[in-house]
Every structure is written in structure tokens, then in C-alpha cells.
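data24.cif follows (mmCIF, C-alpha atoms):
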```
data_protein
#
loop_
_atom_site.label_atom_id
_atom_site.label_comp_id
_atom_site.auth_asym_id
_atom_site.auth_seq_id
_atom_site.Cartn_x
_atom_site.Cartn_y
_atom_site.Cartn_z
CA MET A 1 106.32 147.83 83.78
CA GLU A 2 102.53 147.80 83.58
CA ALA A 3 102.61 145.99 80.24
CA LYS A 4 104.86 143.29 81.67
CA SER A 5 102.68 142.85 84.76
CA GLY A 6 99.57 142.57 82.61
CA PHE A 7 101.34 140.14 80.30
CA VAL A 8 102.45 137.93 83.20
CA TYR A 9 98.93 138.03 84.64
CA ARG A 10 97.43 136.93 81.31
CA ARG A 11 99.85 133.97 81.15
CA MET A 12 99.02 132.81 84.68
CA PRO A 13 96.02 130.62 83.76
CA LEU A 14 98.20 128.63 81.35
CA ILE A 15 101.09 128.52 83.82
CA ALA A 16 98.83 127.32 86.67
CA ALA A 17 97.36 124.60 84.44
CA GLY A 18 100.84 123.45 83.41
CA ILE A 19 102.12 123.35 86.99
CA PHE A 20 99.16 121.26 88.22
CA LEU A 21 99.47 118.92 85.24
CA GLY A 22 103.22 118.67 85.89
CA LEU A 23 102.60 117.80 89.54
CA GLY A 24 100.12 115.08 88.62
CA LEU A 25 102.13 113.66 85.74
CA GLY A 26 105.33 113.77 87.80
CA GLY A 27 103.56 111.72 90.45
CA PHE A 28 102.34 109.25 87.86
CA VAL A 29 105.87 108.81 86.48
CA ASP A 30 107.13 108.15 90.02
CA GLY A 31 104.30 105.76 90.88
CA ILE A 32 104.25 103.86 87.61
CA LEU A 33 108.01 103.68 87.03
CA LEU A 34 109.46 103.41 90.56
CA HIS A 35 106.55 101.75 92.41
CA GLN A 36 105.14 99.40 89.78
CA ILE A 37 107.57 98.71 86.92
CA LEU A 38 110.93 98.82 88.73
CA GLN A 39 109.40 98.05 92.16
CA TRP A 40 112.17 99.96 93.90
CA HIS A 41 109.82 101.14 96.62
CA HIS A 42 106.21 101.51 97.69
CA MET A 43 104.67 104.29 99.76
CA LEU A 44 105.43 102.74 103.15
CA SER A 45 108.12 100.22 102.20
CA ASN A 46 110.73 101.65 104.59
CA THR A 47 108.40 101.49 107.62
CA LYS A 48 106.27 98.50 106.53
CA PRO A 49 108.59 96.20 104.51
CA LEU A 50 106.96 93.83 102.04
CA THR A 51 107.67 90.81 104.26
CA THR A 52 104.12 89.93 105.30
CA PRO A 53 100.81 89.77 103.43
CA SER A 54 99.36 92.54 105.64
CA ASN A 55 102.33 94.86 104.87
CA ILE A 56 101.97 94.12 101.15
CA ASP A 57 98.25 94.96 101.34
CA LEU A 58 98.92 98.15 103.32
CA ASN A 59 101.57 99.32 100.82
CA MET A 60 99.21 98.54 97.94
CA VAL A 61 96.47 100.69 99.50
CA TRP A 62 98.88 103.58 100.12
CA ASP A 63 100.22 103.32 96.57
CA GLY A 64 96.60 103.54 95.40
CA LEU A 65 96.00 106.65 97.55
CA PHE A 66 99.17 108.15 96.09
CA HIS A 67 97.86 107.51 92.57
CA ALA A 68 94.48 108.98 93.54
CA LEU A 69 96.26 112.20 94.59
CA ASP A 70 98.14 112.23 91.27
CA TRP A 71 94.84 111.79 89.46
CA ILE A 72 93.24 114.68 91.39
CA LEU A 73 96.18 116.97 90.58
CA THR A 74 95.94 115.99 86.91
CA VAL A 75 92.18 116.59 86.80
CA ILE A 76 92.70 120.02 88.39
CA GLY A 77 95.32 120.75 85.72
CA VAL A 78 92.97 119.67 82.93
CA ALA A 79 90.15 121.81 84.37
CA LEU A 80 92.47 124.82 84.62
CA LEU A 81 93.68 124.23 81.06
CA TRP A 82 90.07 124.02 79.86
CA ARG A 83 89.22 127.31 81.58
CA ALA A 84 92.32 128.99 80.18
CA GLY A 85 91.34 127.76 76.72
CA GLY A 86 88.05 129.59 76.97
CA ARG A 87 89.72 132.94 77.58
CA ASP A 88 90.64 135.26 74.75
CA ASP A 89 93.21 137.13 76.84
CA VAL A 90 95.44 134.11 77.57
CA PRO A 91 98.41 134.01 75.19
CA TRP A 92 98.90 130.40 74.07
CA SER A 93 102.47 129.22 73.92
CA SER A 94 103.98 125.74 73.81
CA GLN A 95 107.06 127.09 75.62
CA THR A 96 104.98 128.56 78.42
CA PHE A 97 103.05 125.32 78.80
CA VAL A 98 106.11 123.02 78.65
CA GLY A 99 108.05 125.27 81.06
CA SER A 100 105.14 125.11 83.48
CA LEU A 101 104.91 121.31 83.15
CA LEU A 102 108.62 121.02 83.97
CA ILE A 103 108.23 123.27 87.01
CA GLY A 104 105.30 121.18 88.25
CA ALA A 105 107.13 117.87 87.77
CA GLY A 106 110.21 119.28 89.49
CA LEU A 107 108.14 120.59 92.40
CA PHE A 108 106.63 117.13 92.74
CA ASN A 109 110.10 115.59 93.09
CA LEU A 110 111.25 118.23 95.56
CA VAL A 111 108.19 118.09 97.80
CA GLU A 112 107.73 114.31 97.70
CA GLY A 113 111.46 113.73 98.09
CA LEU A 114 111.82 116.06 101.06
CA ILE A 115 108.68 114.90 102.87
CA ASP A 116 108.58 111.14 102.17
CA HIS A 117 112.29 110.37 101.79
CA GLN A 118 113.93 112.79 104.19
CA ILE A 119 111.46 114.05 106.82
CA LEU A 120 109.12 111.06 107.27
CA GLY A 121 111.50 108.38 105.95
CA ILE A 122 108.57 106.22 104.84
CA HIS A 123 110.45 105.13 101.73
CA HIS A 124 113.55 105.89 99.70
CA VAL A 125 114.01 106.05 95.94
CA LYS A 126 116.03 102.84 96.07
CA SER A 127 116.78 101.32 99.46
CA GLY A 128 120.18 99.84 100.11
CA PRO A 129 123.78 100.92 100.56
CA ASN A 130 123.46 103.94 98.24
CA GLN A 131 119.95 105.05 99.22
CA LEU A 132 121.07 108.56 100.22
CA ALA A 133 122.67 109.03 96.80
CA TRP A 134 119.44 107.94 95.07
CA ASP A 135 117.39 110.28 97.31
CA VAL A 136 119.72 113.21 96.69
CA GLY A 137 119.70 112.47 92.95
CA PHE A 138 115.88 112.57 93.02
CA LEU A 139 116.01 116.00 94.70
CA ILE A 140 118.65 117.26 92.25
CA LEU A 141 116.53 116.07 89.32
CA GLY A 142 113.56 117.94 90.79
CA GLY A 143 115.62 121.10 91.22
CA LEU A 144 116.94 120.85 87.65
CA LEU A 145 113.42 120.43 86.28
CA VAL A 146 112.28 123.55 88.15
CA VAL A 147 115.27 125.59 86.92
CA VAL A 148 114.93 124.42 83.30
CA GLY A 149 111.18 125.06 83.42
CA TRP A 150 111.77 128.55 84.81
CA LEU A 151 114.30 129.30 82.07
CA VAL A 152 111.88 128.06 79.40
CA LEU A 153 109.17 130.32 80.89
CA GLN A 154 111.52 133.30 80.85
CA ASN A 155 112.46 132.63 77.23
CA SER A 156 108.80 132.25 76.33
CA LYS A 157 107.94 135.54 78.04
CA GLY A 158 110.60 137.39 76.07
CA ARG A 159 109.52 135.84 72.78
CA GLN A 160 105.86 136.65 73.38
CA GLU A 161 106.62 140.24 74.42
CA LEU A 162 108.38 140.64 71.06
CA GLY A 163 105.35 139.16 69.30
CA ILE A 164 107.09 135.90 68.32
CA ARG A 165 104.84 132.84 68.53
CA SER A 166 106.29 129.85 70.33
#
```
Is it possible to express this structure as C-alpha cells?
Amino acid sequence: MEAKSGFVYRRMPLIAAGIFLGLGLGGFVDGILLHQILQWHHMLSNTKPLTTPSNIDLNMVWDGLFHALDWILTVIGVALLWRAGGRDDVPWSSQTFVGSLLIGAGLFNLVEGLIDHQILGIHHVKSGPNQLAWDVGFLILGGLLVVVGWLVLQNSKGRQELGIRS
């Protein structure tokens, strides 16, 4: 058991970097795709509809703050990845990194979906008659990303313990 604990500990810098990068990149996908390209919602569009110039300005500022948070999470992920890269004891694995990215992106969906869509109700994925279905789909996607990422991490761990590079 000691070898496994040590192995997991050595992978943690890469896993932490991947999770933070996944959180930031997941936020950027949400903000760029849903806020800007598709324009399905903005940060406060359920409480401050885009019906007046002041509401449009307020939503634009909050979208910018949302992107600033995504940027901070991404920078933290890059810094953690840089630090992990300088360590000889961190086993490098594409599977470990990709699994961690998926977990981070899924956690983004779950946390943002629960807080902004369900608890605060400040916006929905896509407002309208099927908004609950869109919100639930967003949460399910987040859960699936976490599960798939976890499975990829488990597979990576087994491969690395056997000495197989991934």
C-alpha cells in the first residue's frame, strides 16, 4: 500500500495542474460559446434581462468578471503545471493530465450549474420553456466529465504502476 500512496502523491502535482486548467478552460468554453457566440445567456440575464442599456452594460461587466475568474484559474493551472514540470519525481502521463482536465471541466459545470442556475437563479443555460432540461443537461454533462476523467485517471494509475507509459 505504501508504494501506491507514494505513487498517488507523486502524481498529485500533475493532477492539481490539470484540474485547475480544466476549471479555467471549462469556464472559457461556457463563456465564449454560451455567452458570446450563441448568446444564450449572460451572467445576470435572468435577473437583469437585456432590455435596457444599463442591464446590457451590467451583464457585460459581469461576463468580464466571469472571464477574469476563468483566466485566474487557468493561470494557476499553468503555474502548477510549470512547477510539476520542474520536479523529477512527478510521473508524466497524457492520460493523467487529460483525466484531470476532464475532472476540472466537469467540476466547473457542476459548481457553476448548481450555484448560478439552481441556487441563485441568475441565469439558465438557455431560458425558455425547456430551461430546466437545459440546466439539468449541463449538470449531467458535468457529472459525466468528472466520471470519465476519474476513469481515465484510474486507468492511467494502473498503467503507470505496471511501468507502461501513457
Next item on the list: Decode the PyMOL selection byres ((chain A and resi 142-146) around 6) for the given file into explicit residues and return them as a ChimeraX atom specification.
Entry: /A:102-103,106,109-110,139-141,147-149
Check: Selected by the PyMOL selection byres ((chain A and resi 31) around 10) in the shown coordinates: which residues, as a list in words?
Finding: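 Going through the file, the PyMOL selection byres ((chain A and resi 31) around 10) ends up selecting Leu25, Gly26, Gly27, Phe28, Val29, Asp30, Ile32, Leu33, Leu34, His35, Gln36, Ile37, Leu38, Gln39, His41, His42, Met43, Asp63, Gly64, Phe66, His67 and Asp70 of chain A.
Closest approach to Phe138 (chain A) among A:Leu73, A:Leu107, A:Ala17, A:Leu151 is made by A:Leu107 (distances from all atoms listed in the file).
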Next item on the list: Run the PyMOL selection byres ((chain A and resi 96) around 10) mentally over the shown coordinates, then write out the matched residues as a PyMOL selection string, using the chain letters and numbers from the document.
Entry: chain A and resi 11-12+14-15+18+91-95+97-101+149-150+152-157+160+166
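Counting only C-alpha atoms and comparing A:Ile122, A:Leu81, A:Ile72, A:Leu114, the residue that lies closest to Asn59 (chain A) is A:Ile122.
In this model, the gap between CA of Asp116 (chain A) and CA of Ser45 (chain A) comes to 10.9 Å.
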Note to self: One number please: CA of Ile119 (chain A) to CA of Gly24 (chain A), in Å, one decimal.
What the structure shows: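 Value for the CA of Ile119 (chain A)-CA of Gly24 (chain A) distance: 21.5 Å.
Across the structure, CA of Asn46 (chain A) and CA of Trp71 (chain A) are spaced 24.2 Å apart.
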Checklist line | Option closest in space to His117 (chain A), from A:Leu50, A:Leu21, A:Val136, A:Val78 [counting all atoms listed in the file] | finding: A:Val136
Notebook entry, point to check: Counting only C-alpha atoms, which of A:Ala84, A:Thr74, A:Asp135, A:Ile115 gets nearest to Ile19 (chain A)?
Noted result: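 Nearest to Ile19 (chain A): A:Thr74.
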Item checked: Nearest to Val75 (chain A), chosen from A:Pro129, A:His124, A:Pro13, A:Gly22, with all atoms listed in the file counted in the distances ->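 Of A:Pro129, A:His124, A:Pro13, A:Gly22, the one nearest Val75 (chain A) is A:Gly22, counting all atoms listed in the file.
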Padding 5 Å on each side, edges along x, y and z: where is the centre of the box around the listed atoms of region 113-117 of chain A, and how long are its edges in Å to one decimal? Output it as AutoDock Vina command-line options.
```
--center_x 110.4 --center_y 113.2 --center_z 100.5 --size_x 13.7 --size_y 15.7 --size_z 14.8
```
Once N, CA and C atoms are restored for region 67-91 of chain A, what would the output be as a PDB file, keeping the file's coordinate frame?
```
ATOM      1  N   HIS A  67      98.328 107.355  93.946  1.00  0.00           N
ATOM      2  CA  HIS A  67      97.860 107.510  92.570  1.00  0.00           C
ATOM      3  C   HIS A  67      96.564 108.318  92.502  1.00  0.00           C
ATOM      4  N   ALA A  68      95.716 108.181  93.503  1.00  0.00           N
ATOM      5  CA  ALA A  68      94.480 108.980  93.540  1.00  0.00           C
ATOM      6  C   ALA A  68      94.820 110.469  93.664  1.00  0.00           C
ATOM      7  N   LEU A  69      95.816 110.806  94.479  1.00  0.00           N
ATOM      8  CA  LEU A  69      96.260 112.200  94.590  1.00  0.00           C
ATOM      9  C   LEU A  69      96.807 112.689  93.249  1.00  0.00           C
ATOM     10  N   ASP A  70      97.610 111.863  92.592  1.00  0.00           N
ATOM     11  CA  ASP A  70      98.140 112.230  91.270  1.00  0.00           C
ATOM     12  C   ASP A  70      97.008 112.484  90.289  1.00  0.00           C
ATOM     13  N   TRP A  71      95.997 111.647  90.339  1.00  0.00           N
ATOM     14  CA  TRP A  71      94.840 111.790  89.460  1.00  0.00           C
ATOM     15  C   TRP A  71      94.109 113.103  89.739  1.00  0.00           C
ATOM     16  N   ILE A  72      93.911 113.428  91.020  1.00  0.00           N
ATOM     17  CA  ILE A  72      93.240 114.680  91.390  1.00  0.00           C
ATOM     18  C   ILE A  72      94.030 115.885  90.882  1.00  0.00           C
ATOM     19  N   LEU A  73      95.339 115.874  91.078  1.00  0.00           N
ATOM     20  CA  LEU A  73      96.180 116.970  90.580  1.00  0.00           C
ATOM     21  C   LEU A  73      96.073 117.100  89.067  1.00  0.00           C
ATOM     22  N   THR A  74      96.048 115.973  88.373  1.00  0.00           N
ATOM     23  CA  THR A  74      95.940 115.990  86.910  1.00  0.00           C
ATOM     24  C   THR A  74      94.579 116.515  86.471  1.00  0.00           C
ATOM     25  N   VAL A  75      93.520 116.101  87.139  1.00  0.00           N
ATOM     26  CA  VAL A  75      92.180 116.590  86.800  1.00  0.00           C
ATOM     27  C   VAL A  75      92.088 118.103  87.040  1.00  0.00           C
ATOM     28  N   ILE A  76      92.668 118.582  88.133  1.00  0.00           N
ATOM     29  CA  ILE A  76      92.700 120.020  88.390  1.00  0.00           C
ATOM     30  C   ILE A  76      93.430 120.732  87.251  1.00  0.00           C
ATOM     31  N   GLY A  77      94.564 120.169  86.833  1.00  0.00           N
ATOM     32  CA  GLY A  77      95.320 120.750  85.720  1.00  0.00           C
ATOM     33  C   GLY A  77      94.523 120.789  84.432  1.00  0.00           C
ATOM     34  N   VAL A  78      93.799 119.705  84.144  1.00  0.00           N
ATOM     35  CA  VAL A  78      92.970 119.670  82.930  1.00  0.00           C
ATOM     36  C   VAL A  78      91.859 120.706  83.024  1.00  0.00           C
ATOM     37  N   ALA A  79      91.219 120.818  84.198  1.00  0.00           N
ATOM     38  CA  ALA A  79      90.150 121.810  84.370  1.00  0.00           C
ATOM     39  C   ALA A  79      90.688 123.231  84.209  1.00  0.00           C
ATOM     40  N   LEU A  80      91.868 123.499  84.773  1.00  0.00           N
ATOM     41  CA  LEU A  80      92.470 124.820  84.620  1.00  0.00           C
ATOM     42  C   LEU A  80      92.841 125.099  83.163  1.00  0.00           C
ATOM     43  N   LEU A  81      93.336 124.077  82.475  1.00  0.00           N
ATOM     44  CA  LEU A  81      93.680 124.230  81.060  1.00  0.00           C
ATOM     45  C   LEU A  81      92.412 124.502  80.241  1.00  0.00           C
ATOM     46  N   TRP A  82      91.349 123.809  80.548  1.00  0.00           N
ATOM     47  CA  TRP A  82      90.070 124.020  79.860  1.00  0.00           C
ATOM     48  C   TRP A  82      89.586 125.446  80.048  1.00  0.00           C
ATOM     49  N   ARG A  83      89.652 125.931  81.300  1.00  0.00           N
ATOM     50  CA  ARG A  83      89.220 127.310  81.580  1.00  0.00           C
ATOM     51  C   ARG A  83      90.100 128.318  80.865  1.00  0.00           C
ATOM     52  N   ALA A  84      91.405 128.074  80.871  1.00  0.00           N
ATOM     53  CA  ALA A  84      92.320 128.990  80.180  1.00  0.00           C
ATOM     54  C   ALA A  84      92.018 129.005  78.685  1.00  0.00           C
ATOM     55  N   GLY A  85      91.650 127.847  78.136  1.00  0.00           N
ATOM     56  CA  GLY A  85      91.340 127.760  76.720  1.00  0.00           C
ATOM     57  C   GLY A  85      90.117 128.544  76.311  1.00  0.00           C
ATOM     58  N   GLY A  86      89.250 128.818  77.259  1.00  0.00           N
ATOM     59  CA  GLY A  86      88.050 129.590  76.970  1.00  0.00           C
ATOM     60  C   GLY A  86      88.240 131.090  77.086  1.00  0.00           C
ATOM     61  N   ARG A  87      89.454 131.505  77.409  1.00  0.00           N
ATOM     62  CA  ARG A  87      89.720 132.940  77.580  1.00  0.00           C
ATOM     63  C   ARG A  87      90.463 133.488  76.376  1.00  0.00           C
ATOM     64  N   ASP A  88      89.986 134.610  75.886  1.00  0.00           N
ATOM     65  CA  ASP A  88      90.640 135.260  74.750  1.00  0.00           C
ATOM     66  C   ASP A  88      91.909 136.000  75.139  1.00  0.00           C
ATOM     67  N   ASP A  89      92.057 136.325  76.421  1.00  0.00           N
ATOM     68  CA  ASP A  89      93.210 137.130  76.840  1.00  0.00           C
ATOM     69  C   ASP A  89      94.424 136.293  77.235  1.00  0.00           C
ATOM     70  N   VAL A  90      94.312 134.971  77.201  1.00  0.00           N
ATOM     71  CA  VAL A  90      95.440 134.110  77.570  1.00  0.00           C
ATOM     72  C   VAL A  90      96.286 133.844  76.330  1.00  0.00           C
ATOM     73  N   PRO A  91      97.551 134.281  76.344  1.00  0.00           N
ATOM     74  CA  PRO A  91      98.410 134.010  75.190  1.00  0.00           C
ATOM     75  C   PRO A  91      98.872 132.551  75.205  1.00  0.00           C
TER      76      PRO A  91
END
```
